[in-house]
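> Submitted below is the structure of interest, expressed as structure tokens.
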Amino acid sequence: MKLTSTSYDIEFGALEKSSFSKILEQYKSFRKIIMVDENTHEFCLEFLITQFDELTDAEIILLPAGEENKVMEVCFQVWQALSEYKISRSDLVINLGGGVVTDMGGFIASIFKRGVKFINIPTSLLSMVDASVGGKTGIDLGAYKNQLGVFSDPLVVYIDHRFLSTLPKQEWVNGYAEMLKHGIIRSEKHWNKLIKIQPEEINLELIFESVSIKNEIVLKDPKESGERKLLNFGHTIGHAIEGYFLEKGENVPHGTAVAWGMLLESKIALNKNMLSQNDFSSISKVINTNFPPIPNFKNDSDIIFEIMLQDKKNSTNLIKCVLPTKIGSVNYDEIIQQEDLVLIF
Ligand SMILES: NC(=O)c1ccc[n+]([C@@H]2O[C@H](COP(=O)([O-])OP(=O)(O)OC[C@H]3O[C@@H](n4cnc5c(N)ncnc54)[C@H](O)[C@@H]3O)[C@@H](O)[C@H]2O)c1
């Protein structure tokens, strides 16, 4: 299975049967740099190195795992290492990991010497269905998620779901959140399939469906001047919650924050009579069943609001949000006020 995106292909299925060998052959003279974190170093790297002889001599860059490490300090150290290795634009970076590795590895490669080519091989469900595709790379700055970044396309993305065999159970739900998002924004059919199964039962076909939804939207609006904003459903509040906790030195998984954001943004839509009680109850049931309860932010709505104002989607002092009108359809650029937050926290 294969999808064509803006300037690159997304291939699905066994890596050995994909075009990966051909690409390695094509870029034979390029040195290979594989970016991993501690977990993908332990669980995913051996497979890659043993299956593909061309990677035996690859330089391995080990990134510290976790969102708290998706920061400039880590990038800086990697750029220094790349300089010491004398990496040039005639070399190739391979990002093997979850969304932190594909976001940060893509950013590091894109900035270094004005752009080294990179391939994404996502290993978490979230990075397969979302982070590794779409051309957004970046890192966090304090409480502000993905505040530093560039749009930069990978050379190819390979989605081999066998990497998920070692993914911890609690991580599946984070990818599941982004898949539910794809259902709410575009496809009731996809949503209905997802809510009937446990997150760990997600198969390659459902991953393909989710990526197809994202890709179709990205193709229409790669740089997010309009329709791509739909993909930010749950993220205006979700990113602010993630930032709120990052600032305190605590880590809320991205998928959990997005799930909470989707529920809270759906509640705003319900309060504005944009969403039916029935659809709201369906969203609320799935999120409450699969994710931890939403913490009480009643006394901190001003802090959350302040973080939201820094959201990249806001060009003025107004907060623009994606709000659902029914399962399968959302509106973007809906203005929300601090009072809307007070009502839902
Ligand atoms: N660029 C985009 O469009 C986009 C979209 C959505 C999310 N994101 C970003 O993605 C990040 C979240 O991604 P994530 O949930 O993958 O986080 P992550 O990269 O931190 O991975 C989650 C955990 O799973 C481990 N892991 C990954 N693959 C594994 C495997 N096969 N076996 C064992 N352990 C494995 C990782 O080491 C980590 O501990 C956030 O930073 C978010 O902002 C980006």
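Residue numbering restarts at 1 for every chain of the structure tokens, chains are lettered A, B, ... in their displayed order, and ligands are numbered from 1 as they appear.
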Give as JSON, numbers by chain the residues surrounding ligand 1 up to a distance of 7 Å, considering only C-alpha atoms and all ligand atoms.

{"A": [37, 38, 39, 40, 43, 44, 65, 66, 67, 70, 97, 98, 99, 100, 101, 103, 123, 124, 125, 126, 127, 130, 131, 132, 133, 134, 135, 136, 137, 145, 146, 163, 164, 165, 166, 167, 168, 171, 174, 175, 253, 254, 255]}

> Residues within 10 Å of stretch 14-21 of chain A, please, as a list of chain:residue names. Count only C-alpha atoms; anything in the same chain fewer than 6 positions from it doesn't count.

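Contacts, with the query itself left out: A:Met1, A:Lys2, A:Tyr27, A:Leu48, A:Gln51, A:Phe52, A:Asp53, A:Glu54, A:Ile119, A:Ile121, A:Val156, A:Val157, A:Tyr158, A:Ile159, A:Asp160, A:His161, A:Arg162, A:Phe163.
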
> Suppose you want the space between atom CA of A:Lys267 and atom CA of A:Val129; what is it in Å?

25.3 Å

> Of the candidates A:Ile213, A:Leu3, A:Val330, A:Leu55, which shows the shortest atom-to-atom distance to A:His182, using only C-alpha atoms?

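Of A:Ile213, A:Leu3, A:Val330, A:Leu55, the one nearest A:His182, counting only C-alpha atoms, is A:Ile213.
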
> Enumerate the residues of stretch 79-172 of chain A with a DSSP assignment of alpha helix (DSSP H), computed from the backbone, and present them as a compact mmCIF listing (two decimals) with N, CA and C atoms, in the first residue's frame.


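Now in selection-v2.txt:
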# COMPACT_ATOMS: atom_id res chain seq x y z
N TRP A 79 23.80 18.80 16.44
CA TRP A 79 24.43 19.56 15.35
C TRP A 79 25.95 19.56 15.51
N GLN A 80 26.42 19.66 16.77
CA GLN A 80 27.87 19.62 16.99
C GLN A 80 28.44 18.26 16.59
N ALA A 81 27.69 17.19 16.94
CA ALA A 81 28.15 15.84 16.57
C ALA A 81 28.18 15.69 15.05
N LEU A 82 27.15 16.20 14.38
CA LEU A 82 27.10 16.09 12.91
C LEU A 82 28.28 16.83 12.28
N SER A 83 28.63 17.97 12.89
CA SER A 83 29.79 18.73 12.38
C SER A 83 31.06 17.92 12.58
N GLU A 84 31.19 17.30 13.78
CA GLU A 84 32.39 16.50 14.04
C GLU A 84 32.48 15.30 13.08
N GLY A 99 7.16 10.13 17.70
CA GLY A 99 7.00 11.50 17.21
C GLY A 99 8.09 12.43 17.67
N VAL A 100 8.69 12.15 18.83
CA VAL A 100 9.76 13.03 19.31
C VAL A 100 10.97 12.89 18.38
N VAL A 101 11.29 11.65 17.99
CA VAL A 101 12.45 11.43 17.11
C VAL A 101 12.17 11.97 15.70
N THR A 102 10.95 11.72 15.18
CA THR A 102 10.70 12.19 13.79
C THR A 102 10.58 13.72 13.75
N ASP A 103 9.95 14.33 14.78
CA ASP A 103 9.85 15.80 14.82
C ASP A 103 11.22 16.45 14.96
N MET A 104 12.00 15.95 15.95
CA MET A 104 13.28 16.59 16.26
C MET A 104 14.34 16.18 15.23
N GLY A 105 14.34 14.92 14.82
CA GLY A 105 15.31 14.45 13.82
C GLY A 105 15.09 15.17 12.50
N GLY A 106 13.83 15.37 12.13
CA GLY A 106 13.51 16.08 10.89
C GLY A 106 13.96 17.53 10.98
N PHE A 107 13.77 18.13 12.15
CA PHE A 107 14.17 19.52 12.37
C PHE A 107 15.69 19.66 12.30
N ILE A 108 16.37 18.75 13.01
CA ILE A 108 17.84 18.78 13.03
C ILE A 108 18.39 18.66 11.60
N ALA A 109 17.84 17.70 10.85
CA ALA A 109 18.33 17.47 9.48
C ALA A 109 18.02 18.68 8.59
N SER A 110 16.83 19.25 8.77
CA SER A 110 16.41 20.34 7.87
C SER A 110 17.20 21.62 8.08
N ILE A 111 17.67 21.83 9.32
CA ILE A 111 18.39 23.07 9.64
C ILE A 111 19.87 22.92 9.31
N LEU A 125 2.65 4.21 17.44
CA LEU A 125 1.39 4.36 16.68
C LEU A 125 1.16 5.83 16.34
N LEU A 126 1.45 6.71 17.32
CA LEU A 126 1.21 8.14 17.07
C LEU A 126 2.07 8.66 15.92
N LYS A 169 1.98 -0.79 26.24
CA LYS A 169 0.52 -0.72 26.14
C LYS A 169 0.01 0.73 26.30
N GLN A 170 0.59 1.45 27.25
CA GLN A 170 0.07 2.81 27.53
C GLN A 170 0.35 3.79 26.39
N GLU A 171 1.25 3.41 25.45
CA GLU A 171 1.56 4.31 24.32
C GLU A 171 0.54 4.18 23.18
N TRP A 172 -0.12 3.02 23.08
CA TRP A 172 -1.06 2.82 21.97
C TRP A 172 -2.16 3.86 21.98

> May I have the residues within 7 Å of A:Ser266 as number ranges by chain, using only C-alpha atoms and disregarding those fewer than 3 positions away in the same chain?

A: 262-263, 269-270, 280, 323-324

> Could you find all residues in stretch 142-303 of chain A that DSSP calls strand (DSSP E or B) from the backbone, and write them as a ChimeraX atom specification?

/A:144-151,156-159

> Please save all heavy atoms of the selected residues as a short mmCIF file (atom, residue, chain, number, x, y, z; two decimals), in the first residue's frame.


data_model
loop_
_atom_site.label_atom_id
_atom_site.label_comp_id
_atom_site.auth_asym_id
_atom_site.auth_seq_id
_atom_site.Cartn_x
_atom_site.Cartn_y
_atom_site.Cartn_z
N TYR A 144 5.78 26.29 25.29
CA TYR A 144 5.16 26.41 23.97
C TYR A 144 5.56 25.26 23.06
O TYR A 144 6.71 25.14 22.65
CB TYR A 144 5.51 27.78 23.36
CG TYR A 144 5.11 28.90 24.28
CD1 TYR A 144 6.02 29.79 24.78
CD2 TYR A 144 3.77 29.00 24.71
CE1 TYR A 144 5.65 30.79 25.67
CE2 TYR A 144 3.40 29.99 25.60
CZ TYR A 144 4.33 30.87 26.08
OH TYR A 144 3.95 31.84 26.97
N LYS A 145 4.57 24.45 22.75
CA LYS A 145 4.81 23.24 21.95
C LYS A 145 5.16 23.61 20.51
O LYS A 145 4.51 24.45 19.90
CB LYS A 145 3.51 22.42 21.93
CG LYS A 145 3.27 21.65 23.21
CD LYS A 145 3.95 20.30 23.19
CE LYS A 145 3.59 19.47 21.99
NZ LYS A 145 4.37 18.27 21.86
N ASN A 146 6.16 22.93 19.98
CA ASN A 146 6.55 23.07 18.58
C ASN A 146 6.72 24.54 18.15
O ASN A 146 6.38 24.91 17.03
CB ASN A 146 5.52 22.40 17.66
CG ASN A 146 5.29 20.95 18.05
OD1 ASN A 146 6.20 20.28 18.53
ND2 ASN A 146 4.08 20.45 17.87
N GLN A 147 7.21 25.35 19.08
CA GLN A 147 7.34 26.79 18.82
C GLN A 147 8.43 27.06 17.79
O GLN A 147 8.38 28.03 17.07
CB GLN A 147 7.64 27.50 20.15
CG GLN A 147 7.56 29.01 20.09
CD GLN A 147 6.13 29.52 20.22
OE1 GLN A 147 5.18 28.76 20.07
NE2 GLN A 147 5.95 30.78 20.48
N LEU A 148 9.44 26.20 17.75
CA LEU A 148 10.51 26.35 16.76
C LEU A 148 10.38 25.21 15.76
O LEU A 148 10.33 24.05 16.15
CB LEU A 148 11.89 26.24 17.45
CG LEU A 148 12.11 27.18 18.63
CD1 LEU A 148 13.42 26.85 19.33
CD2 LEU A 148 12.13 28.63 18.16
N GLY A 149 10.32 25.55 14.49
CA GLY A 149 10.18 24.46 13.53
C GLY A 149 10.13 24.94 12.11
O GLY A 149 10.05 26.14 11.84
N VAL A 150 10.20 23.98 11.21
CA VAL A 150 10.09 24.30 9.78
C VAL A 150 9.23 23.24 9.09
O VAL A 150 9.20 22.08 9.52
CB VAL A 150 11.47 24.29 9.05
CG1 VAL A 150 12.24 25.55 9.31
CG2 VAL A 150 12.30 23.07 9.42
N PHE A 151 8.55 23.66 8.05
CA PHE A 151 7.91 22.68 7.17
C PHE A 151 9.04 22.08 6.34
O PHE A 151 9.79 22.83 5.69
CB PHE A 151 6.91 23.37 6.23
CG PHE A 151 5.62 23.76 6.90
CD1 PHE A 151 5.38 25.07 7.27
CD2 PHE A 151 4.63 22.82 7.13
CE1 PHE A 151 4.18 25.44 7.86
CE2 PHE A 151 3.42 23.17 7.72
CZ PHE A 151 3.20 24.48 8.09
N VAL A 156 11.11 9.91 2.04
CA VAL A 156 10.07 8.87 2.03
C VAL A 156 9.68 8.58 3.49
O VAL A 156 10.48 8.84 4.40
CB VAL A 156 10.57 7.49 1.49
CG1 VAL A 156 9.42 6.62 1.01
CG2 VAL A 156 11.64 7.60 0.46
N VAL A 157 8.46 8.07 3.68
CA VAL A 157 8.06 7.58 5.01
C VAL A 157 7.71 6.10 4.86
O VAL A 157 6.98 5.73 3.94
CB VAL A 157 6.83 8.35 5.55
CG1 VAL A 157 6.42 7.81 6.93
CG2 VAL A 157 7.11 9.84 5.65
N TYR A 158 8.28 5.28 5.74
CA TYR A 158 7.98 3.83 5.71
C TYR A 158 7.22 3.45 6.98
O TYR A 158 7.77 3.58 8.08
CB TYR A 158 9.27 3.02 5.61
CG TYR A 158 10.02 3.24 4.32
CD1 TYR A 158 11.18 4.02 4.29
CD2 TYR A 158 9.56 2.69 3.13
CE1 TYR A 158 11.85 4.24 3.09
CE2 TYR A 158 10.22 2.91 1.93
CZ TYR A 158 11.36 3.68 1.92
OH TYR A 158 12.03 3.91 0.74
N ILE A 159 5.99 2.99 6.81
CA ILE A 159 5.19 2.60 7.97
C ILE A 159 5.10 1.08 8.03
O ILE A 159 4.33 0.46 7.30
CB ILE A 159 3.79 3.26 7.91
CG1 ILE A 159 3.96 4.80 7.90
CG2 ILE A 159 2.91 2.78 9.07
CD1 ILE A 159 2.69 5.59 7.90
#

> A:Gly142, A:Ser212, A:Ser284, A:Val258: which is nearest A:Tyr244, counting only C-alpha atoms?

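Using only C-alpha atoms, A:Tyr244 sits closest to A:Gly142.
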
> Skipping near chain neighbours, those fewer than 4 positions away, what residues fall within 7 Å of A:Gly238 using only C-alpha atoms, listed as a list in words?

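Contacts, in chain order: Gly234, Glu242, Ala257, Val258, Trp260 and Gly261 of chain A.
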